[in-house]
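Down below is the structure, laid out as structure tokens.
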There are 2 protein chains.
Amino acid sequence: MFDVLFSHILKKVSLTEEEKSLLKSFFNAKNLRKKEFLLQEGEICHYLSFVSKGLLRSYHIDERGDEHMNLFAWEGWWSSDIYSFSFNEIAQFNIDALEDSELLLITRENLEEMTLQIPKMDRYFRILFQNSLATKERRLVSSNSYTAKEKYIQLADSNPQMIQRVPQNLIASYLGLAPETLSRIKKNIALGK
Amino acid sequence: MFDVLFSHILKKVSLTEEEKSLLKSFFNAKNLRKKEFLLQEGEICHYLSFVSKGLLRSYHIDERGDEHMNLFAWEGWWSSDIYSFSFNEIAQFNIDALEDSELLLITRENLEEMTLQIPKMDRYFRILFQNSLATKERRLVSSNSYTAKEKYIQLADSNPQMIQRVPQNLIASYLGLAPETLSRIKKNIALGK
């Protein structure tokens with residue numbers, strides 16, 4: 001179960017065998033069946049969750065009952081309500097499984113303790129959070145500035161796995177588009193328009 | 001010039017006098033006059049900038065020429081186009097000074113070198129980026145879910161200094177509101193409505 005996590009960490013920092021073994025002790029394994037919830041709005045998010053296998057989505061439901069996709073996470077991605085996790089506040093995101101999933105969970109206390117004992121993990125998470133923040137800001141700019149077609153093409157170029165793996169109505173929600181709009185865009189692209 | 005930076009860092013990690021002195025060597029000082037640009041869209045953002053004194057804003061201009069405020073940064077805050085900085089890509093934000101400002105700049109190469117030589121700075125930036133990511137996600141949710149009045153009250157509660165210090169038309173842009181809408185909200189609040 002830790003193979004995917006270690007291969008992800010080793011892209012950013014090196015770990016000795018002792019550190020790997022110590023690191024394992026800070027995580028708990030959890031399996032989720034398709035459609036099962038990891039987190040529901042109104043709870044406290046106690047974990048950062050790493051996906052070893054499967055696919056999670058996090059999303060918010062607004063006052064009108066509309067779902068807004070925040071993030072999809074498959075093998076090698078982390079998922080959390082990071083505000084709730086960091087500040088021990090009520091979560092505003094729901095997280096559930098789009099496929100049967102295998103997860104590795106770490107609590108806030110264990111994250112603090114692990115990074116104190118293995119300072120290189122601060123480096124790993126510094127790079128992870130820096131890249132996430134960068135990507136999130138860029139997505140905010142895109143949502144203000146691009147046409148629906150440009151948004152879809154940008155996503156398909158930068159993240160082909162999401163297009164293949166995530167149901168189309170959820171991709172539409174992620175891009176802030178009506179499902180019919182996304183269908184029309186895909187049809188026009190297929191027709192070379 | 002480093003007093004504000006050190007007091008900000010010491011809230012998150014401890015530093016020895018040797019580390020402080022080493023840390024200084026990775027930064028360059030820069031002064032900006034009011035209205036002067038630190039970064040313009042289309043350039044590469046080479047720096048993370050810490051504000052020792054003054055006030056910066058970062059914003060994006062969309063296809064229709066409308067400005068979208070991203071962030072205001074005063075004493076103790078960092079400013080950057082973090083995507084451009086992290087991935088050496090073209091910036092989509094402009095950063096300029098709303099007041100005469102004194103800054104401390106660090107390049108990507110110096111950030112990497114500094115964190116290797118002073119690993120506690122990885123911890124500092126891990127916490128900084130984690131908190132920024134959390135705040136950014138929460139802001140995205142608010143923009144989908146709250147009424148204009150709720151957004152303003154939430155901002156005034158969580159960030160009274162921004163309300164006092166940043167011109168009202170820019171606060172309106174930050175909240176995604178028309179200036180007249182914000183004026184009306186403030187008038188109603190003052191009238192106890």
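All residue names refer to the structure tokens as shown: chains lettered A, B, ... in order, residues numbered from 1 in each chain, ligands numbered from 1 in order.
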
Residues near Arg139 (chain A), cut-off 10 Å, only C-alpha atoms, skip fewer than 6 positions along chain, as a PDB file with N, CA, C and O atoms, in the first residue's frame:
ATOM      1  N   LEU A 133      -1.100  25.369  -4.438  1.00  0.00           N
ATOM      2  CA  LEU A 133      -1.496  26.774  -4.377  1.00  0.00           C
ATOM      3  C   LEU A 133      -1.362  27.422  -5.753  1.00  0.00           C
ATOM      4  O   LEU A 133      -2.248  28.149  -6.208  1.00  0.00           O
ATOM      5  N   SER A 145     -11.277  34.177 -17.142  1.00  0.00           N
ATOM      6  CA  SER A 145     -10.708  34.745 -18.373  1.00  0.00           C
ATOM      7  C   SER A 145     -10.933  33.942 -19.633  1.00  0.00           C
ATOM      8  O   SER A 145     -10.777  34.466 -20.728  1.00  0.00           O
ATOM      9  N   LYS A 151     -11.341  26.557 -21.773  1.00  0.00           N
ATOM     10  CA  LYS A 151     -11.179  25.871 -20.488  1.00  0.00           C
ATOM     11  C   LYS A 151     -11.071  24.365 -20.678  1.00  0.00           C
ATOM     12  O   LYS A 151     -10.237  23.704 -20.062  1.00  0.00           O
ATOM     13  N   LEU A 155      -7.768  21.971 -19.987  1.00  0.00           N
ATOM     14  CA  LEU A 155      -7.835  20.832 -19.060  1.00  0.00           C
ATOM     15  C   LEU A 155      -7.409  19.539 -19.748  1.00  0.00           C
ATOM     16  O   LEU A 155      -6.637  18.749 -19.185  1.00  0.00           O
ATOM     17  N   LEU A 175     -15.501  22.473 -14.379  1.00  0.00           N
ATOM     18  CA  LEU A 175     -15.195  23.624 -15.242  1.00  0.00           C
ATOM     19  C   LEU A 175     -16.228  24.741 -15.094  1.00  0.00           C
ATOM     20  O   LEU A 175     -16.091  25.793 -15.723  1.00  0.00           O
TER      21      LEU A 175
END

Looking only at the backbone, which of the residues in region 40-179 of chain B does DSSP tag as helix (DSSP H, G or I), as number ranges by chain?
B: 82-87, 108-117, 120-145, 148-158, 160-165, 168-174, 179

Taking only residues of chain A that have an atom at most 9 Å from an atom of chain B, what is each one's shortest atom pair and its distance in Å to one decimal, using only C-alpha atoms, in chain and number order, as a tab-separated table?
residue	atom	partner	partner_atom	distance
A:His60	CA	B:Val141	CA	7.2
A:Ile61	CA	B:Ser145	CA	8.3
A:Asp62	CA	B:Ser145	CA	5.1
A:Glu63	CA	B:Ser145	CA	6.2
A:Arg64	CA	B:Ser145	CA	8.6
A:His68	CA	B:Asn144	CA	8.2
A:Asn70	CA	B:Glu137	CA	8.5
A:Asp81	CA	B:Ala134	CA	7.9
A:Ile82	CA	B:Ala134	CA	5.2
A:Tyr83	CA	B:Ala134	CA	4.3
A:Ser84	CA	B:Ala134	CA	8.0
A:Phe85	CA	B:Ala134	CA	8.7
A:Ser86	CA	B:Asn131	CA	7.1
A:Phe87	CA	B:Asn131	CA	8.6
A:Gln92	CA	B:Val141	CA	7.7
A:Phe93	CA	B:Val141	CA	8.7
A:Thr115	CA	B:Arg123	CA	8.0
A:Leu116	CA	B:Arg123	CA	8.9
A:Pro119	CA	B:Pro119	CA	7.0
A:Lys120	CA	B:Pro119	CA	7.7
A:Met121	CA	B:Arg123	CA	8.8
A:Asp122	CA	B:Arg123	CA	5.1
A:Arg123	CA	B:Asp122	CA	5.1
A:Tyr124	CA	B:Arg126	CA	8.6
A:Phe125	CA	B:Arg126	CA	6.0
A:Arg126	CA	B:Arg126	CA	3.9
A:Ile127	CA	B:Arg126	CA	7.6
A:Leu128	CA	B:Arg126	CA	8.6
A:Phe129	CA	B:Phe129	CA	5.6
A:Gln130	CA	B:Phe129	CA	5.7
A:Asn131	CA	B:Ser86	CA	7.1
A:Ser132	CA	B:Leu133	CA	7.2
A:Leu133	CA	B:Leu133	CA	5.2
A:Ala134	CA	B:Tyr83	CA	4.2
A:Thr135	CA	B:Tyr83	CA	6.6
A:Lys136	CA	B:Lys136	CA	7.9
A:Glu137	CA	B:Tyr83	CA	7.4
A:Arg138	CA	B:Tyr83	CA	6.8
A:Leu140	CA	B:Leu140	CA	8.2
A:Val141	CA	B:His60	CA	7.2
A:Asn144	CA	B:Asp62	CA	6.7
A:Ser145	CA	B:Asp62	CA	5.1
A:Tyr146	CA	B:Glu63	CA	8.2

Identify, on the basis of only C-alpha atoms, every residue whose closest approach to Met1 (chain A) does not exceed 9 Å; exclude the query and any residue fewer than 6 positions from it along the same chain; express the result as an NGL selection string.
:A and (29 or 52-53 or 102-104)

Can I get the selected residues back with C-alpha atoms, as a PDB file, in the first residue's frame?
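Done, and the output landed in selection13.pdb:
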ATOM      1  CA  ALA A  29      -4.955   2.560   6.040  1.00  0.00           C
ATOM      2  CA  SER A  52      -3.019   4.485  -3.193  1.00  0.00           C
ATOM      3  CA  LYS A  53      -5.742   3.118  -5.466  1.00  0.00           C
ATOM      4  CA  GLU A 102      -7.500   2.409  -0.885  1.00  0.00           C
ATOM      5  CA  LEU A 103      -6.277   5.326   1.208  1.00  0.00           C
ATOM      6  CA  LEU A 104      -3.508   6.249   3.627  1.00  0.00           C
TER       7      LEU A 104
END

Who sits within 10 Å of region 56-58 of chain B, only C-alpha atoms, same chain under 4 positions skipped, as a ChimeraX atom specification
/B:32,34-40,49-51,67-75,77-81,92-101,103,166,170

Filtered DSSP result for region 21-182 of chain B, state strand (DSSP E or B), as a VMD selection string
chain B and resid 28 to 32 37 to 39 44 47 to 53 55 to 61 67 to 74 78 to 79 90 94 to 97 101 to 107

Nearest-residue call for Ala172 (chain A), choices A:Ile189, A:Leu10, A:Ala148, A:Leu23, using only C-alpha atoms:
A:Ala148

CA of Leu105 (chain B) to CA of Lys30 (chain B): how many Å, to one decimal?
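Separation of CA of Leu105 (chain B) and CA of Lys30 (chain B): 7.2 Å.
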
To one decimal place, how far is CA of Leu48 (chain A) from CA of Thr107 (chain A) in Å?
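CA of Thr107 (chain A) lies 6.6 Å from CA of Leu48 (chain A).
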
I'd like the contact shell of Thr181 (chain A) - 12 Å cut-off, only C-alpha atoms, skipping same-chain residues fewer than 2 positions apart - returned as an MDAnalysis selection string.
chainID A and resid 147:149 151:152 168:169 171:173 175:179 183:188

Mind pulling up the distance from CA of Asn28 (chain B) to CA of Leu5 (chain B)?
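We find that CA of Leu5 (chain B) and CA of Asn28 (chain B) lie 12.7 Å from each other.
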